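One structure is given here, and the rest of the page talks about it.
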Number of protein chains: 4
Amino acid sequence: MLIVMESGATDGQIRAVMERIQTLGLRPHVIPGAERTAIGITGNHGPLDPAEFEILPGVQEAIRVTKPYKLVSREVKAADSVIQVGGRPIGGRRLAIIAGPCAVETETQTLEIARAVAAAGADLFRGGAFKPRTSPYSFQGLGLEGLRILARAREETGLPIVTEAVDEESLGMVEDYADAVQIGARNMQNFSLLKRAGKSRLPIFLKRGMSATLEEFLMAAEYIVSEGNYQVFLCERGVRTFADHTRNTLDLAIVPAVKHLSHLPILVDPSHGTGRRDKVVPLARAAVAVGADGVMVEVHHDPSRALSDGPQSILPSQFGDLVRDIRALAGLVGRSHD
Amino acid sequence: MLIVMESGATDGQIRAVMERIQTLGLRPHVIPGAERTAIGITGNHGPLDPAEFEILPGVQEAIRVTKPYKLVSREVKAADSVIQVGGRPIGGRRLAIIAGPCAVETETQTLEIARAVAAAGADLFRGGAFKPRTSPYSFQGLGLEGLRILARAREETGLPIVTEAVDEESLGMVEDYADAVQIGARNMQNFSLLKRAGKSRLPIFLKRGMSATLEEFLMAAEYIVSEGNYQVFLCERGVRTFADHTRNTLDLAIVPAVKHLSHLPILVDPSHGTGRRDKVVPLARAAVAVGADGVMVEVHHDPSRALSDGPQSILPSQFGDLVRDIRALAGLVGRSHD
Amino acid sequence: MLIVMESGATDGQIRAVMERIQTLGLRPHVIPGAERTAIGITGNHGPLDPAEFEILPGVQEAIRVTKPYKLVSREVKAADSVIQVGGRPIGGRRLAIIAGPCAVETETQTLEIARAVAAAGADLFRGGAFKPRTSPYSFQGLGLEGLRILARAREETGLPIVTEAVDEESLGMVEDYADAVQIGARNMQNFSLLKRAGKSRLPIFLKRGMSATLEEFLMAAEYIVSEGNYQVFLCERGVRTFADHTRNTLDLAIVPAVKHLSHLPILVDPSHGTGRRDKVVPLARAAVAVGADGVMVEVHHDPSRALSDGPQSILPSQFGDLVRDIRALAGLVGRSHD
Amino acid sequence: MLIVMESGATDGQIRAVMERIQTLGLRPHVIPGAERTAIGITGNHGPLDPAEFEILPGVQEAIRVTKPYKLVSREVKAADSVIQVGGRPIGGRRLAIIAGPCAVETETQTLEIARAVAAAGADLFRGGAFKPRTSPYSFQGLGLEGLRILARAREETGLPIVTEAVDEESLGMVEDYADAVQIGARNMQNFSLLKRAGKSRLPIFLKRGMSATLEEFLMAAEYIVSEGNYQVFLCERGVRTFADHTRNTLDLAIVPAVKHLSHLPILVDPSHGTGRRDKVVPLARAAVAVGADGVMVEVHHDPSRALSDGPQSILPSQFGDLVRDIRALAGLVGRSHD
């Protein structure tokens, strides 16, 4: 259930509604809005009676939420959410471009790529310090040292940092160094990690699981938001199918599907979504055309020597062309990037 | 194997090479080019010796084709093919927009939609007279009467007609009335029908099967071309996956993948690809952005009463907006539509 | 709708009901039963009124059929169907074992395998004379000559023959030589071929399409039955998924699912279902344990030289072991094979 | 690389080989065998030279391991592993039957079901105290109180307990109360949790991820074993496909595929694998027939009131019948359960 307060409701009235909700053994979630405040209720096992809340002072109406996801749904918040990452907006009119290497390998490599993508127009810098790898014998990331290198890249370029956390311990470290925390596809249903992310002060960048349905994807976001962290932005990165011409099958139709049901921003990762360098640019363009709030692409100055995902990394020069393409496309879909 | 003739090779030299190929029990396929003629060879069970052909007069070189598909591959023909359908080009710089109802229902309905899409800027008109339906008890199309209605729509609007054939008998009828023959997803591996299509004088519009790999898709086209009909254009229409937010999962990455391997044009059908009206326009835009040679969309003036696929048909007014979007996008990807 | 006649209903009463149905522009399908006759009605676009038929003499009740498939559903016929193929029952208590090479290659090869599988206990002999192949340049089968060889194999071994038809022309030829007609996975939704099969006097062995849902599978069978051919038996042969350790993913759960909804027999093909020789025997055992009415396995005396599907063919000696396994298992699941 | 010691190699020789491996910056893994000891080496980035080790005293040979998974592969250990869980063997000749409710709900419910499955012949008792749920608002398990109830069930029935851990914290608690730790499908690639499980003194029951390939599944097991815990047994529980007649598609062919490549035991969970009560028993039978080392089934005395997964839970009486079926089948596949 969602309680919509009158536009002139006082703090005292909002507090009173929250107390009433808690008295009933339920949990209130304040959702501030430009014009009015709303309060989501979770924790009920059956339907609640709207009359119970509509009699309270300052309440405009109480609305039943019909979806299994509540706080991330458009029913609860009609306007698009805009998430601030290190001062850069994700969502809203401006497109966001996240770029960087798959993994932080060395300071030299990281700074070289960071400078290149900053110069080309990236908004955020990415790079993995903790790498979830299929094999226990593959390079697992530099860990804390990787985070320190990322922080130096931010110092030098001014680009905020988004980097993956793979467990509670690494999430704590990422919070100390980065501007947003990525939860990867393999952890989309690692519910303990999602709950921990819900208690973070940083925005969470949640990637779709390899075989996650739309509902499961939004429910994973709901796990984070239900713990109190409303700063969540999503990422489509391809799903697993029989098709063998790409590493995954990029499901661009989920972008308008998410936007229809949820107020959260959604980006597209054509690097993991295709796994092939020559497909990254066309699919990034398609992502903007379909209405995504931005793209995340892997860039490496020397892909053949990359410690992971070399075959899907584009060169800095290709990234520059891509930024130009995106800027040209942006206006056609009512967006901007300048 | 592919025999590339010298640019000044005479007709007699070309004939001599073909006779040599036939003498060896193999089949020659002449592929005329702007500068030089090539001759594909099929029918060999093992590798052929290039020297066998390079000694013949007028032969520049003999190249082994490494892919299982031969005549549709870029190895055999590097330049993009442009297919003429009733005087309209498919492939090349100009984007092609095919539009019309899922099924021809009545003359009134068909003409009304045809006039609307012609006015909005469609290049070809589509409409099913023979409908492959999951249930034997569903509307199966008007058959011959449907073809006559389509011909009247062409008379009135000047738009060439593309319509589906579901077996050899209907293919013969479609040849009498239409400008291009569609082979649907369910028949992509109906090899008898493909061979029959390979003997048609009309261009063939081949849709990808619901679970076809890229190689199977190109091999299906090869069936048609190997029978002598080089006028083939392809269509991605979504594949079957676990995802349930759309009817199929539109696999846009197959567009650059096809273009890398084959010279055939490829269009995208976002109507079947998503099955949801509100997803058609965003995915059509994405199709152009990814590099498709055009789109096919289902348009109906009264979708709630359509006899098939109403939920995925867009209104004529939405189609008008889509054409405008496509024209704006075209320039950004080196294409045009005017 | 299904009209259930009283157990003592006369031929005249049955005829009168059928005439009434035809008068309404609908189509009656007589379904004879051990105790009473039922009459299925198809062709209606909306629900029919039971009272319309229940007032006719000899009618016990008129039942609305709730599934999209009618004549193949258990609602219309509760008892398991048993199909006779050349005097051998498919369905019912006795398990059916179909065996033979993927393709008929030569008379020597075919007779050698036929003798071996007959000696080991096969019930029917299989072998393709018309082969649907992904590549137009692969061996496409011996055609009519292959059918003649199959007929000679029947003469010598007494085993009835089941072989695939790929189009209307080959179906006509198969009818002249074989005891049952196979419709392959790629043609499961070749509706023209299904309708033609519905007019055959032979039983039809319908394989599930590579990405067919349960409902689509039963609807394909309904196409055949709705044309008047009630002799249909089904085959699960694996579906296409991301899994790469087998050629297809054998979906054994469809066996109890089909049996719950339909009276038609269903067999399992572990050869195509796995594509790997060492998986055929374990999965054949599992098929019997899950409740299938039999199995179809590919057997070849010299798999390394087979013209198609060698890697999934088992040796005659392995087939002998499999028959022994199946006989042992049969009793445990209330079946027999002796 | 795998170092195979001579059958009479001394402890000192084994220690010397291990020290040599560590000197090279690599990691030795001692694999004791009935006749001889082997030592796996991990941590190398390129191939090692066998001669380097074959010159050491007591070494019989050094073998290159060709698979990406090393310690779980048959190359490294040819004989089937048998894992002891609370004194009950998993793997080997005897089939293992694990049964119990999806979730521990109350002490009464748990004890009632535990008594029933013990009486019917179960080997291990299962029940979730920590439940990974798609929705944050669904019942998440009783946690520590659930573990205490499970311990009481063991006291009363003598059945060892296997229960799921969802993060490092719950794994620590499970270690205090249970006999084996389950890692669920959603956590199959939660590599931090796998590494933690690799340091547990308890056996680990690892379920296949919803879209995991065979290689990814074995690599997940390798993560556990590479940390030193060799007591791992696997579980197939269905994969995600387009098929909608079951909740997941049970991929029984992975059983012989795992057995071909790995020495680890593998069980099958037909409850999650089908999601439908009436499919559990047939698929459990099929699992035994295909060669699985056992089954895990969900049993509930009042499924309609179960807090999770009611529709896939069978009744205690059905479980009794299933145990009888399995015992009858066991002998036919060279196994036993008595």
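Residues in the structure tokens are numbered from 1 in each chain, the chains being A, B, ... in the order shown, and ligands are numbered from 1 in the order shown.
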Each residue of chain A lying at most 9 Å from chain B should get a row with its shortest atom-to-atom pair and the distance in Å to one decimal, counting only C-alpha atoms; could you produce that, ordered by chain and increasing number, as a Markdown table?
| residue | atom | partner | partner_atom | distance |
| --- | --- | --- | --- | --- |
| A:Ser211 | CA | B:Phe242 | CA | 7.4 |
| A:Ala212 | CA | B:Ala243 | CA | 7.7 |
| A:Thr213 | CA | B:Ala243 | CA | 5.6 |
| A:Leu214 | CA | B:His245 | CA | 6.5 |
| A:Glu215 | CA | B:His245 | CA | 8.7 |
| A:Val239 | CA | B:Ala243 | CA | 8.8 |
| A:Arg240 | CA | B:Thr241 | CA | 8.5 |
| A:Thr241 | CA | B:Thr241 | CA | 6.4 |
| A:Phe242 | CA | B:Ser211 | CA | 7.5 |
| A:Ala243 | CA | B:Thr213 | CA | 5.6 |
| A:Asp244 | CA | B:Thr213 | CA | 6.8 |
| A:His245 | CA | B:Leu214 | CA | 6.5 |
| A:Thr246 | CA | B:Ala253 | CA | 7.4 |
| A:Thr249 | CA | B:Asp251 | CA | 6.4 |
| A:Leu250 | CA | B:Asp251 | CA | 6.7 |
| A:Asp251 | CA | B:Thr249 | CA | 6.4 |
| A:Leu252 | CA | B:Leu250 | CA | 7.6 |
| A:Ala253 | CA | B:Leu283 | CA | 6.8 |
| A:Ile254 | CA | B:His245 | CA | 7.3 |
| A:Pro256 | CA | B:Lys279 | CA | 6.6 |
| A:Ala257 | CA | B:His245 | CA | 7.0 |
| A:Thr274 | CA | B:Ala253 | CA | 7.2 |
| A:Asp278 | CA | B:Pro256 | CA | 8.1 |
| A:Lys279 | CA | B:Pro256 | CA | 6.6 |
| A:Val281 | CA | B:Val290 | CA | 8.4 |
| A:Pro282 | CA | B:Val290 | CA | 4.6 |
| A:Leu283 | CA | B:Val290 | CA | 5.7 |
| A:Ala284 | CA | B:Val290 | CA | 8.2 |
| A:Arg285 | CA | B:Ala289 | CA | 5.6 |
| A:Ala286 | CA | B:Ala286 | CA | 4.2 |
| A:Ala287 | CA | B:Ala286 | CA | 6.7 |
| A:Val288 | CA | B:Ala286 | CA | 7.7 |
| A:Ala289 | CA | B:Ala286 | CA | 4.9 |
| A:Val290 | CA | B:Pro282 | CA | 4.6 |
| A:Gly291 | CA | B:Pro282 | CA | 6.9 |
| A:Asp325 | CA | B:Leu332 | CA | 7.4 |
| A:Ala328 | CA | B:Leu332 | CA | 7.1 |
| A:Leu329 | CA | B:Leu332 | CA | 7.2 |
| A:Leu332 | CA | B:Ala328 | CA | 7.1 |
| A:Val333 | CA | B:Asp325 | CA | 8.7 |
Problem set entry | Exercise: Arg201 in chain A partners within 12 Å, only C-alpha atoms, chain neighbours under 6 positions left out, as a PyMOL selection string | chain A and resi 84-85+171-172+174-176+178-181+224-225+227-232
What would the file look like if the residues just selected were written as a PDB file, in the first residue's frame with C-alpha atoms?
ATOM      1  CA  GLN A  84      23.381  11.129  -8.421  1.00  0.00           C
ATOM      2  CA  VAL A  85      26.759   9.371  -8.653  1.00  0.00           C
ATOM      3  CA  LEU A 171      31.316  -3.996  -0.450  1.00  0.00           C
ATOM      4  CA  GLY A 172      32.652  -2.342   2.683  1.00  0.00           C
ATOM      5  CA  VAL A 174      34.245  -0.349  -2.214  1.00  0.00           C
ATOM      6  CA  GLU A 175      32.235   2.068  -0.052  1.00  0.00           C
ATOM      7  CA  ASP A 176      35.493   3.584   1.162  1.00  0.00           C
ATOM      8  CA  ALA A 178      34.129   4.423  -4.984  1.00  0.00           C
ATOM      9  CA  ASP A 179      31.105   6.528  -5.894  1.00  0.00           C
ATOM     10  CA  ALA A 180      28.737   3.675  -6.781  1.00  0.00           C
ATOM     11  CA  VAL A 181      28.728  -0.050  -6.099  1.00  0.00           C
ATOM     12  CA  ILE A 224      17.880  -3.070  -2.006  1.00  0.00           C
ATOM     13  CA  VAL A 225      15.252  -0.344  -1.841  1.00  0.00           C
ATOM     14  CA  GLU A 227      16.328  -1.759   3.150  1.00  0.00           C
ATOM     15  CA  GLY A 228      16.275   2.003   2.708  1.00  0.00           C
ATOM     16  CA  ASN A 229      18.665   2.690  -0.188  1.00  0.00           C
ATOM     17  CA  TYR A 230      16.593   4.331  -2.914  1.00  0.00           C
ATOM     18  CA  GLN A 231      19.586   5.045  -5.141  1.00  0.00           C
ATOM     19  CA  VAL A 232      19.432   2.104  -7.533  1.00  0.00           C
TER      20      VAL A 232
END
For this session: Give me, please, the distance in Å between CA of Val76 in chain B and CA of Ile63 in chain B, quoted to one decimal.
Result: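 Interatomic distance, CA of Val76 in chain B to CA of Ile63 in chain B: 8.6 Å.
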Problem set entry | Distance of CA of Arg277 in chain A from CA of Gln312 in chain A, expressed in Å to one decimal place |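 Between these atoms lies a distance of 4.4 Å.
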Exercise. So which bits of range 43-259 of chain C end up alpha helix (DSSP H) when you DSSP the backbone, as a VMD selection string?
Worked result: chain C and resid 51 to 54 107 to 120 144 to 157 168 to 177 191 to 197 214 to 226 254 to 259
Exercise. Quick one: distance from CA of Arg133 in chain B to CA of Phe191 in chain C in Å, one decimal?
Worked result: 7.9 Å
Problem set entry | range 12-15 of chain C environment, 9 Å, only C-alpha atoms, sequence neighbours closer than 5 positions dropped, as number ranges by chain | C: 5, 20, 30, 37-39, 56-59
For this session: Identify, on the basis of only C-alpha atoms, every residue whose closest approach to Gln60 in chain C does not exceed 8 Å; exclude the query and any residue fewer than 5 positions from it along the same chain; express the result as a ChimeraX atom specification.
Result: /C:3-6,54
Restricting it to C-alpha atoms, dump the selection as a short mmCIF file (atom, residue, chain, number, x, y, z; two decimals), in the first residue's frame.
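Written out: again_9.cif:
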data_model
loop_
_atom_site.label_atom_id
_atom_site.label_comp_id
_atom_site.auth_asym_id
_atom_site.auth_seq_id
_atom_site.Cartn_x
_atom_site.Cartn_y
_atom_site.Cartn_z
CA ILE C 3 -21.43 -34.81 -27.41
CA VAL C 4 -21.44 -38.00 -25.35
CA MET C 5 -24.04 -40.49 -26.64
CA GLU C 6 -25.88 -42.89 -24.35
CA GLU C 54 -28.84 -32.46 -25.10
#
